[in-house]
>>> print(open('final-v5.cif').read())   # mmCIF, C-alpha atoms and all ligand atoms
data_protein
loop_
_atom_site.label_atom_id
_atom_site.label_comp_id
_atom_site.auth_asym_id
_atom_site.auth_seq_id
_atom_site.Cartn_x
_atom_site.Cartn_y
_atom_site.Cartn_z
CA MET A 736 234.84 72.76 -151.62
CA HIS A 737 234.98 71.01 -148.30
CA TYR A 738 236.70 67.65 -147.98
CA PHE A 739 237.89 65.10 -145.47
CA ILE A 740 241.19 63.48 -146.40
CA THR A 741 241.63 59.97 -145.09
CA GLY A 742 244.28 57.40 -145.86
CA THR A 743 245.18 53.75 -145.91
CA ASP A 744 247.45 54.28 -142.91
CA THR A 745 249.47 56.79 -141.01
CA ASP A 746 252.35 58.22 -143.11
CA CYS A 747 250.60 57.50 -146.42
CA GLY A 748 250.59 61.11 -147.65
CA LYS A 749 247.44 62.69 -146.20
CA THR A 750 249.20 65.93 -145.28
CA LEU A 751 250.82 66.16 -148.68
CA VAL A 752 247.47 65.71 -150.42
CA THR A 753 245.80 68.17 -148.01
CA LEU A 754 248.43 70.77 -148.93
CA GLY A 755 248.05 70.00 -152.64
CA PHE A 756 244.28 70.45 -152.56
CA MET A 757 244.63 73.66 -150.57
CA GLN A 758 247.04 74.92 -153.21
CA LEU A 759 244.52 74.17 -155.98
CA CYS A 760 241.77 75.97 -154.07
CA ARG A 761 244.02 78.98 -153.54
CA GLU A 762 244.94 79.04 -157.21
CA ARG A 763 241.21 79.35 -157.93
CA GLY A 764 241.14 82.41 -155.72
CA LEU A 765 239.12 80.77 -152.95
CA SER A 766 239.47 81.63 -149.28
CA THR A 767 241.09 78.42 -148.07
CA ALA A 768 241.43 76.87 -144.63
CA GLY A 769 242.98 73.63 -143.53
CA LEU A 770 242.11 71.76 -140.35
CA LYS A 771 244.28 69.22 -138.58
CA PRO A 772 241.75 68.29 -135.88
CA VAL A 773 244.11 66.15 -133.80
CA ALA A 774 247.89 65.94 -133.89
CA ALA A 775 249.85 63.38 -131.87
CA GLY A 776 253.56 64.06 -131.98
CA ALA A 777 254.60 67.63 -131.30
CA LEU A 778 257.54 69.75 -130.24
CA ARG A 779 257.47 71.81 -127.07
CA THR A 780 258.29 75.41 -128.03
CA ARG A 781 257.96 78.86 -126.55
CA GLU A 782 254.64 79.16 -128.41
CA GLY A 783 253.44 75.86 -126.93
CA LEU A 784 253.15 72.46 -128.57
CA LEU A 785 253.53 72.56 -132.34
CA ASN A 786 253.05 69.73 -134.82
CA SER A 787 254.80 69.79 -138.19
CA ASP A 788 251.74 68.74 -140.26
CA ALA A 789 249.67 71.47 -138.65
CA LEU A 790 252.37 74.09 -139.25
CA ALA A 791 252.54 73.18 -142.94
CA ILE A 792 248.74 73.35 -143.19
CA GLN A 793 248.68 76.67 -141.33
CA GLU A 794 251.16 78.06 -143.85
CA GLN A 795 248.80 77.14 -146.70
CA CYS A 796 245.80 78.94 -145.19
CA ASP A 797 244.71 82.02 -147.07
CA PRO A 798 243.81 84.31 -145.34
CA PRO A 799 246.14 83.37 -142.46
CA LEU A 800 244.81 81.57 -139.37
CA ASP A 801 246.11 81.04 -135.83
CA TYR A 802 247.84 77.77 -135.05
CA ALA A 803 245.16 76.77 -132.51
CA THR A 804 242.42 77.32 -135.09
CA VAL A 805 244.15 74.99 -137.53
CA ASN A 806 245.00 72.39 -134.88
CA PRO A 807 242.56 72.28 -131.93
CA TYR A 808 244.08 69.21 -130.24
CA CYS A 809 247.86 68.85 -130.13
CA PHE A 810 249.62 66.23 -128.00
CA GLU A 811 253.30 65.77 -127.42
CA ALA A 812 253.43 61.97 -127.61
CA GLY A 813 253.55 60.44 -131.09
CA VAL A 814 251.17 57.61 -130.20
CA ALA A 815 247.56 56.68 -131.01
CA PRO A 816 245.51 59.89 -130.52
CA HIS A 817 243.12 58.61 -127.82
CA LEU A 818 246.12 57.34 -125.86
CA ALA A 819 248.05 60.58 -126.39
CA ALA A 820 245.04 62.47 -125.01
CA ALA A 821 244.69 60.11 -122.05
CA LEU A 822 248.37 60.60 -121.17
CA THR A 823 247.57 64.26 -120.54
CA GLY A 824 244.26 63.56 -118.77
CA GLN A 825 242.26 64.88 -121.72
CA ARG A 826 239.49 63.46 -123.88
CA ILE A 827 239.07 64.37 -127.54
CA GLU A 828 235.59 65.86 -127.91
CA LEU A 829 233.87 65.67 -131.29
CA ASP A 830 231.55 68.52 -130.26
CA LEU A 831 234.54 70.85 -130.00
CA LEU A 832 235.94 69.69 -133.34
CA GLU A 833 232.58 70.08 -135.02
CA ASN A 834 232.24 73.64 -133.69
CA ARG A 835 235.71 74.54 -134.91
CA TYR A 836 235.01 73.08 -138.33
CA ARG A 837 231.65 74.89 -138.61
CA GLU A 838 233.36 78.21 -137.85
CA LEU A 839 235.87 77.62 -140.63
CA ALA A 840 233.23 76.34 -143.03
CA SER A 841 231.06 79.41 -142.51
CA SER A 842 233.93 81.80 -143.21
CA HIS A 843 235.86 80.01 -146.00
CA GLN A 844 234.99 78.83 -149.47
CA ALA A 845 237.32 75.85 -149.17
CA VAL A 846 238.10 73.79 -146.08
CA VAL A 847 240.33 70.73 -146.27
CA VAL A 848 240.31 68.53 -143.16
CA GLU A 849 243.14 66.08 -142.69
CA GLY A 850 241.77 62.92 -141.08
CA VAL A 851 243.53 61.44 -138.09
CA GLY A 852 245.69 58.45 -139.06
CA GLY A 853 243.58 55.87 -140.91
CA TRP A 854 239.79 55.80 -141.22
CA LYS A 855 239.06 53.83 -138.04
CA VAL A 856 241.61 55.38 -135.73
CA PRO A 857 240.02 55.84 -132.26
CA LEU A 858 239.67 59.41 -130.99
CA ASN A 859 238.28 58.55 -127.56
CA GLU A 860 236.82 55.49 -125.86
CA GLU A 861 233.71 55.46 -128.04
CA GLN A 862 234.41 57.37 -131.24
CA ASP A 863 236.83 57.25 -134.13
CA SER A 864 237.98 59.21 -137.17
CA ALA A 865 235.04 57.88 -139.22
CA ASP A 866 232.64 59.29 -136.59
CA LEU A 867 234.38 62.65 -136.87
CA CYS A 868 233.90 62.65 -140.65
CA ARG A 869 230.24 61.78 -140.23
CA ARG A 870 229.77 64.55 -137.65
CA LEU A 871 231.31 67.07 -140.04
CA GLY A 872 229.14 65.76 -142.87
CA LEU A 873 232.06 65.82 -145.27
CA PRO A 874 232.74 63.89 -148.46
CA VAL A 875 235.93 61.85 -148.42
CA VAL A 876 239.09 61.54 -150.47
CA LEU A 877 241.19 58.44 -149.81
CA VAL A 878 244.97 58.60 -150.07
CA VAL A 879 246.52 55.27 -150.93
CA GLY A 880 250.15 54.96 -149.89
CA LEU A 881 251.50 52.60 -152.52
CA ARG A 882 253.33 49.85 -150.71
CA LEU A 883 252.93 46.10 -150.41
CA GLY A 884 249.59 45.47 -148.69
CA CYS A 885 247.95 48.66 -149.89
CA ILE A 886 245.32 46.89 -152.01
CA ASN A 887 243.86 45.18 -148.97
CA HIS A 888 244.08 48.34 -146.86
CA SER A 889 242.43 50.38 -149.60
CA LEU A 890 239.54 48.02 -150.21
CA LEU A 891 238.79 47.61 -146.52
CA THR A 892 238.85 51.38 -146.09
CA VAL A 893 236.57 51.96 -149.09
CA GLU A 894 234.13 49.38 -147.73
CA SER A 895 234.09 51.09 -144.36
CA ILE A 896 233.67 54.58 -145.87
CA GLN A 897 230.73 53.32 -147.90
CA ALA A 898 229.20 51.64 -144.85
CA SER A 899 229.42 54.97 -142.98
CA GLY A 900 227.33 56.68 -145.65
CA ALA A 901 229.98 59.32 -146.41
CA PRO A 902 230.37 60.00 -150.16
CA LEU A 903 233.74 58.87 -151.50
CA LEU A 904 234.74 61.55 -154.02
CA GLY A 905 237.84 59.79 -155.24
CA TRP A 906 241.24 58.46 -154.33
CA VAL A 907 244.86 59.44 -154.83
CA ALA A 908 247.72 57.04 -155.54
CA ASN A 909 250.83 58.19 -153.71
CA HIS A 910 254.20 56.63 -154.50
CA ILE A 911 255.62 56.61 -150.98
CA ASP A 912 257.84 53.64 -151.80
CA ALA A 913 260.08 54.38 -154.79
CA ASN A 914 261.02 50.71 -155.07
CA MET A 915 257.58 49.18 -154.95
CA ALA A 916 257.32 46.27 -157.40
CA LEU A 917 254.43 46.41 -159.88
CA ALA A 918 253.16 49.76 -158.60
CA GLU A 919 251.27 50.44 -161.85
CA ASP A 920 249.59 47.02 -161.71
CA ASN A 921 248.50 47.80 -158.16
CA ILE A 922 246.95 51.06 -159.36
CA GLN A 923 245.13 49.29 -162.19
CA THR A 924 243.81 46.68 -159.76
CA LEU A 925 242.49 49.41 -157.49
CA LYS A 926 240.99 51.33 -160.43
CA ARG A 927 238.94 48.29 -161.32
CA ARG A 928 237.74 47.79 -157.75
CA ILE A 929 237.16 51.32 -156.45
CA LYS A 930 234.02 52.88 -157.88
CA ALA A 931 235.26 56.43 -157.45
CA PRO A 932 237.68 58.38 -159.67
CA LEU A 933 241.44 58.37 -159.37
CA LEU A 934 242.18 62.05 -158.67
CA GLY A 935 245.91 61.87 -159.14
CA ARG A 936 249.13 59.92 -158.95
CA ILE A 937 251.89 61.53 -156.97
CA PRO A 938 255.35 60.26 -157.87
CA ARG A 939 258.09 59.88 -155.30
CA LEU A 940 259.22 63.50 -155.02
CA ASP A 941 262.67 64.74 -153.99
CA ASN A 942 261.12 67.84 -152.53
CA PRO A 943 257.48 67.21 -151.62
CA ARG A 944 255.95 70.71 -151.60
CA ALA A 945 252.38 71.90 -151.96
CA ASP A 946 252.91 73.64 -155.30
CA THR A 947 254.61 70.56 -156.75
CA VAL A 948 252.09 68.06 -155.40
CA SER A 949 249.17 70.11 -156.68
CA THR A 950 250.35 69.64 -160.28
CA TYR A 951 249.61 65.92 -159.92
CA LEU A 952 246.11 66.38 -158.47
CA SER A 953 242.63 67.31 -159.70
CA LEU A 954 239.96 68.63 -157.40
CA PRO A 955 237.00 66.25 -157.16
CA VAL A 956 234.16 67.31 -159.45
CA ALA A 957 231.34 66.74 -156.95
CA ALA A 958 233.24 68.77 -154.36
CA THR A 959 232.63 71.95 -156.30
CA GLU A 960 228.97 71.58 -155.29
CA CYS A 961 229.73 71.06 -151.59
N1 LIG A 1001 255.16 61.22 -152.96
C1 LIG A 1001 256.02 61.47 -151.99
N2 LIG A 1001 257.32 61.77 -152.29
C2 LIG A 1001 258.21 62.03 -151.32
N3 LIG A 1001 257.92 62.04 -150.01
C3 LIG A 1001 256.64 61.77 -149.66
C4 LIG A 1001 255.65 61.47 -150.61
N4 LIG A 1001 254.49 61.24 -149.95
C5 LIG A 1001 254.76 61.41 -148.65
N5 LIG A 1001 256.05 61.72 -148.47
C6 LIG A 1001 256.72 61.98 -147.19
O1 LIG A 1001 256.35 60.92 -146.30
C7 LIG A 1001 256.08 61.42 -145.02
C8 LIG A 1001 254.63 61.09 -144.66
O2 LIG A 1001 253.77 61.86 -145.50
P1 LIG A 1001 252.56 62.67 -144.87
O3 LIG A 1001 253.05 63.43 -143.69
O4 LIG A 1001 251.88 63.44 -145.95
O5 LIG A 1001 251.67 61.43 -144.37
P2 LIG A 1001 250.38 61.46 -143.44
O6 LIG A 1001 249.47 60.40 -143.94
O7 LIG A 1001 249.87 62.83 -143.35
O8 LIG A 1001 250.98 61.00 -142.03
P3 LIG A 1001 250.30 61.19 -140.57
O9 LIG A 1001 249.38 60.03 -140.38
O10 LIG A 1001 251.48 61.16 -139.65
O11 LIG A 1001 249.59 62.50 -140.53
C9 LIG A 1001 256.38 62.91 -145.05
O12 LIG A 1001 257.70 63.12 -144.66
C10 LIG A 1001 256.21 63.26 -146.54
O13 LIG A 1001 256.95 64.39 -146.93
MG MG A 1002 249.71 64.03 -141.74
#
>>> encode(input="final-v5.cif", output="structure tokens")
Amino acid sequence: MHYFITGTDTDCGKTLVTLGFMQLCRERGLSTAGLKPVAAGALRTREGLLNSDALAIQEQCDPPLDYATVNPYCFEAGVAPHLAAALTGQRIELDLLENRYRELASSHQAVVVEGVGGWKVPLNEEQDSADLCRRLGLPVVLVVGLRLGCINHSLLTVESIQASGAPLLGWVANHIDANMALAEDNIQTLKRRIKAPLLGRIPRLDNPRADTVSTYLSLPVAATEC
């Protein structure tokens, strides 16, 4: 059960869905790792730079993993990842990320990788998040943050995922905007246009936690064979 979680945008719910899937894998008794390959936006602490998404993912790992294993690249600035790296004189290397992923994949039954921002977010001058997914050879789950404009963002992302050759296992509708008009009609429109199953609808939650989110999600069927 190895997946790459991408989204229609930053802040659309990728971490929440990553945590929910990890919870479902753990409930099945699987050794479960999460990977946040690149984090931009971190606090300086005595233990070094720490990103809140990565900390939440680390907490869901079973058996436990070191922070640096869960989050190989962590940058302080909350800006586009390739720019955050450049600010510190670094370059994000897909070779390093692939090696880290392979180590986790060889030692865990389930690995959930949170993509970086949206599908085409640059990681360095030549490569982007889609290239990372292709390098890892992972099937994709798309998180749709339900807000005005999400239909266009979703369909463009699906087209690009398909063009990359990565299998799209399904998508998740996440109610990030409690006041969105015609949210259900938007979901129905997407259901008709996306040829992959809807794996869950996450309502706007007062307390978005892994064990709550997981109750709204199903693990992709094909992923059980990965
Ligand atoms: N269904 C929901 N109900 C309540 N809060 C939500 C919901 N979905 C997301 N959020 C909140 O919105 C914020 C963004 O969600 P999340 O961190 O999962 O997005 P992301 O796509 O991982 O963002 P990033 O691109 O920064 O990694 C978080 O504070 C999260 O708790
Ligand atoms: Mg996130």
>>> residues_around(input="final-v5.cif", residues="region 921-935 of chain A", least_positions_apart="2", cutoff="6 Å", atoms="only C-alpha atoms", output="list of chain:residue names")
A:Gly905, A:Trp906, A:Val907, A:Ala918, A:Glu919, A:Tyr951, A:Leu952, A:Ser953
>>> closest_residue(input="final-v5.cif", among="A:Leu759, A:Ala777, A:Leu784, A:Ile827", to="ligand LIG 1001 (chain A)", atoms="all atoms listed in the file")
A:Ala777
>>> residues_near_ligand(input="final-v5.cif", ligand="ligand LIG 1001 (chain A)", cutoff="9 Å", atoms="all atoms listed in the file", output="PyMOL selection string")
chain A and resi 741-754+771+774-776+787-788+813+849-853+878+880+908-913+936-944+948
>>> atom_distance(input="final-v5.cif", atom1="CA of Leu831 (chain A)", atom2="CA of Pro807 (chain A)")
8.4 Å
>>> closest_residue(input="final-v5.cif", among="A:Glu894, A:Met736, A:Leu832, A:His888", to="Arg869 (chain A)", atoms="all atoms listed in the file")
A:Leu832
>>> closest_residue(input="final-v5.cif", among="A:Pro772, A:Gly824, A:Pro902, A:Pro874", to="ligand MG 1002 (chain A)", atoms="all atoms listed in the file")
A:Pro772
>>> atom_distance(input="final-v5.cif", atom1="CA of Thr780 (chain A)", atom2="CA of Ala812 (chain A)")
14.3 Å
>>> closest_residue(input="final-v5.cif", among="A:Ile896, A:Asn887, A:His737, A:Val848", to="ligand MG 1002 (chain A)", atoms="all atoms listed in the file")
A:Val848
>>> atom_distance(input="final-v5.cif", atom1="CA of Val773 (chain A)", atom2="CA of Gly884 (chain A)")
26.1 Å
>>> closest_residue(input="final-v5.cif", among="A:Ile886, A:Leu954, A:Leu858, A:Ala789", to="ligand MG 1002 (chain A)", atoms="all atoms listed in the file")
A:Ala789
>>> closest_residue(input="final-v5.cif", among="A:Asn806, A:Ser895, A:Gln795, A:Ser841", to="Cys760 (chain A)", atoms="all atoms listed in the file")
A:Gln795
>>> closest_atom_pairs(input="final-v5.cif", of="region 850-906 of chain A", to="region 834-837 of chain A", cutoff="12 Å", atoms="all atoms listed in the file", output="tab-separated table")
residue	atom	partner	partner_atom	distance
A:Leu867	CA	A:Tyr836	CA	10.6
A:Cys868	CA	A:Tyr836	CA	10.7
A:Arg870	CA	A:Tyr836	CA	10.0
A:Leu871	CA	A:Tyr836	CA	7.3
A:Gly872	CA	A:Arg837	CA	10.4
A:Leu873	CA	A:Tyr836	CA	10.5
>>> decode(input="final-v5.cif", residues="region 870-947 of chain A", atoms="C-alpha atoms", output="PDB file, in the first residue's frame")
ATOM      1  CA  ARG A 870      10.731   8.613  -9.945  1.00  0.00           C
ATOM      2  CA  LEU A 871       9.102   6.894  -6.975  1.00  0.00           C
ATOM      3  CA  GLY A 872       6.847   4.924  -9.319  1.00  0.00           C
ATOM      4  CA  LEU A 873       3.837   5.543  -7.123  1.00  0.00           C
ATOM      5  CA  PRO A 874       0.124   5.575  -7.876  1.00  0.00           C
ATOM      6  CA  VAL A 875      -1.630   8.828  -7.066  1.00  0.00           C
ATOM      7  CA  VAL A 876      -4.554   9.997  -4.964  1.00  0.00           C
ATOM      8  CA  LEU A 877      -5.806  13.507  -5.701  1.00  0.00           C
ATOM      9  CA  VAL A 878      -7.192  15.661  -2.902  1.00  0.00           C
ATOM     10  CA  VAL A 879      -9.689  18.220  -4.127  1.00  0.00           C
ATOM     11  CA  GLY A 880     -10.060  21.202  -1.820  1.00  0.00           C
ATOM     12  CA  LEU A 881     -13.668  22.182  -2.423  1.00  0.00           C
ATOM     13  CA  ARG A 882     -13.710  25.880  -3.144  1.00  0.00           C
ATOM     14  CA  LEU A 883     -14.714  28.031  -6.090  1.00  0.00           C
ATOM     15  CA  GLY A 884     -12.378  27.151  -8.968  1.00  0.00           C
ATOM     16  CA  CYS A 885     -11.701  23.606  -7.823  1.00  0.00           C
ATOM     17  CA  ILE A 886     -13.353  21.981 -10.846  1.00  0.00           C
ATOM     18  CA  ASN A 887     -10.877  23.581 -13.205  1.00  0.00           C
ATOM     19  CA  HIS A 888      -7.933  22.857 -10.905  1.00  0.00           C
ATOM     20  CA  SER A 889      -9.030  19.241 -10.523  1.00  0.00           C
ATOM     21  CA  LEU A 890      -9.503  18.544 -14.203  1.00  0.00           C
ATOM     22  CA  LEU A 891      -6.196  20.132 -15.174  1.00  0.00           C
ATOM     23  CA  THR A 892      -4.450  18.115 -12.486  1.00  0.00           C
ATOM     24  CA  VAL A 893      -6.103  14.855 -13.572  1.00  0.00           C
ATOM     25  CA  GLU A 894      -5.094  15.539 -17.176  1.00  0.00           C
ATOM     26  CA  SER A 895      -1.510  16.146 -16.127  1.00  0.00           C
ATOM     27  CA  ILE A 896      -1.386  13.039 -13.898  1.00  0.00           C
ATOM     28  CA  GLN A 897      -2.672  10.939 -16.782  1.00  0.00           C
ATOM     29  CA  ALA A 898      -0.153  12.489 -19.174  1.00  0.00           C
ATOM     30  CA  SER A 899       2.641  11.550 -16.740  1.00  0.00           C
ATOM     31  CA  GLY A 900       1.632   7.887 -16.906  1.00  0.00           C
ATOM     32  CA  ALA A 901       1.096   7.589 -13.136  1.00  0.00           C
ATOM     33  CA  PRO A 902      -2.034   5.586 -12.226  1.00  0.00           C
ATOM     34  CA  LEU A 903      -4.715   7.733 -10.590  1.00  0.00           C
ATOM     35  CA  LEU A 904      -6.226   5.507  -7.890  1.00  0.00           C
ATOM     36  CA  GLY A 905      -8.944   7.921  -6.889  1.00  0.00           C
ATOM     37  CA  TRP A 906      -9.752  11.304  -5.462  1.00  0.00           C
ATOM     38  CA  VAL A 907     -10.988  12.746  -2.193  1.00  0.00           C
ATOM     39  CA  ALA A 908     -13.422  15.651  -1.841  1.00  0.00           C
ATOM     40  CA  ASN A 909     -12.405  17.811   1.091  1.00  0.00           C
ATOM     41  CA  HIS A 910     -14.761  20.486   2.404  1.00  0.00           C
ATOM     42  CA  ILE A 911     -12.167  23.116   3.258  1.00  0.00           C
ATOM     43  CA  ASP A 912     -14.702  25.905   2.762  1.00  0.00           C
ATOM     44  CA  ALA A 913     -17.750  25.391   4.984  1.00  0.00           C
ATOM     45  CA  ASN A 914     -19.670  28.056   3.067  1.00  0.00           C
ATOM     46  CA  MET A 915     -19.022  26.876  -0.444  1.00  0.00           C
ATOM     47  CA  ALA A 916     -22.148  27.260  -2.584  1.00  0.00           C
ATOM     48  CA  LEU A 917     -23.321  24.135  -4.432  1.00  0.00           C
ATOM     49  CA  ALA A 918     -20.551  21.943  -3.017  1.00  0.00           C
ATOM     50  CA  GLU A 919     -22.516  18.757  -3.741  1.00  0.00           C
ATOM     51  CA  ASP A 920     -23.124  19.828  -7.355  1.00  0.00           C
ATOM     52  CA  ASN A 921     -19.397  20.413  -7.713  1.00  0.00           C
ATOM     53  CA  ILE A 922     -18.727  16.883  -6.456  1.00  0.00           C
ATOM     54  CA  GLN A 923     -21.259  15.416  -8.876  1.00  0.00           C
ATOM     55  CA  THR A 924     -19.691  17.353 -11.755  1.00  0.00           C
ATOM     56  CA  LEU A 925     -16.272  15.992 -10.845  1.00  0.00           C
ATOM     57  CA  LYS A 926     -17.627  12.445 -10.435  1.00  0.00           C
ATOM     58  CA  ARG A 927     -18.875  12.548 -14.000  1.00  0.00           C
ATOM     59  CA  ARG A 928     -15.565  13.849 -15.345  1.00  0.00           C
ATOM     60  CA  ILE A 929     -12.935  12.000 -13.307  1.00  0.00           C
ATOM     61  CA  LYS A 930     -12.588   8.383 -14.370  1.00  0.00           C
ATOM     62  CA  ALA A 931     -11.288   7.230 -11.000  1.00  0.00           C
ATOM     63  CA  PRO A 932     -13.279   6.490  -7.827  1.00  0.00           C
ATOM     64  CA  LEU A 933     -14.232   9.008  -5.193  1.00  0.00           C
ATOM     65  CA  LEU A 934     -12.492   7.599  -2.093  1.00  0.00           C
ATOM     66  CA  GLY A 935     -14.173   9.827   0.430  1.00  0.00           C
ATOM     67  CA  ARG A 936     -15.775  13.120   1.324  1.00  0.00           C
ATOM     68  CA  ILE A 937     -14.339  14.868   4.331  1.00  0.00           C
ATOM     69  CA  PRO A 938     -16.721  17.366   5.917  1.00  0.00           C
ATOM     70  CA  ARG A 939     -15.506  20.581   7.480  1.00  0.00           C
ATOM     71  CA  LEU A 940     -14.278  19.253  10.831  1.00  0.00           C
ATOM     72  CA  ASP A 941     -14.035  21.177  14.102  1.00  0.00           C
ATOM     73  CA  ASN A 942     -11.108  19.056  15.138  1.00  0.00           C
ATOM     74  CA  PRO A 943      -9.382  17.590  12.079  1.00  0.00           C
ATOM     75  CA  ARG A 944      -7.563  14.528  13.473  1.00  0.00           C
ATOM     76  CA  ALA A 945      -6.283  11.387  11.802  1.00  0.00           C
ATOM     77  CA  ASP A 946      -8.711   9.032  13.544  1.00  0.00           C
ATOM     78  CA  THR A 947     -11.665  11.250  12.620  1.00  0.00           C
TER      79      THR A 947
END
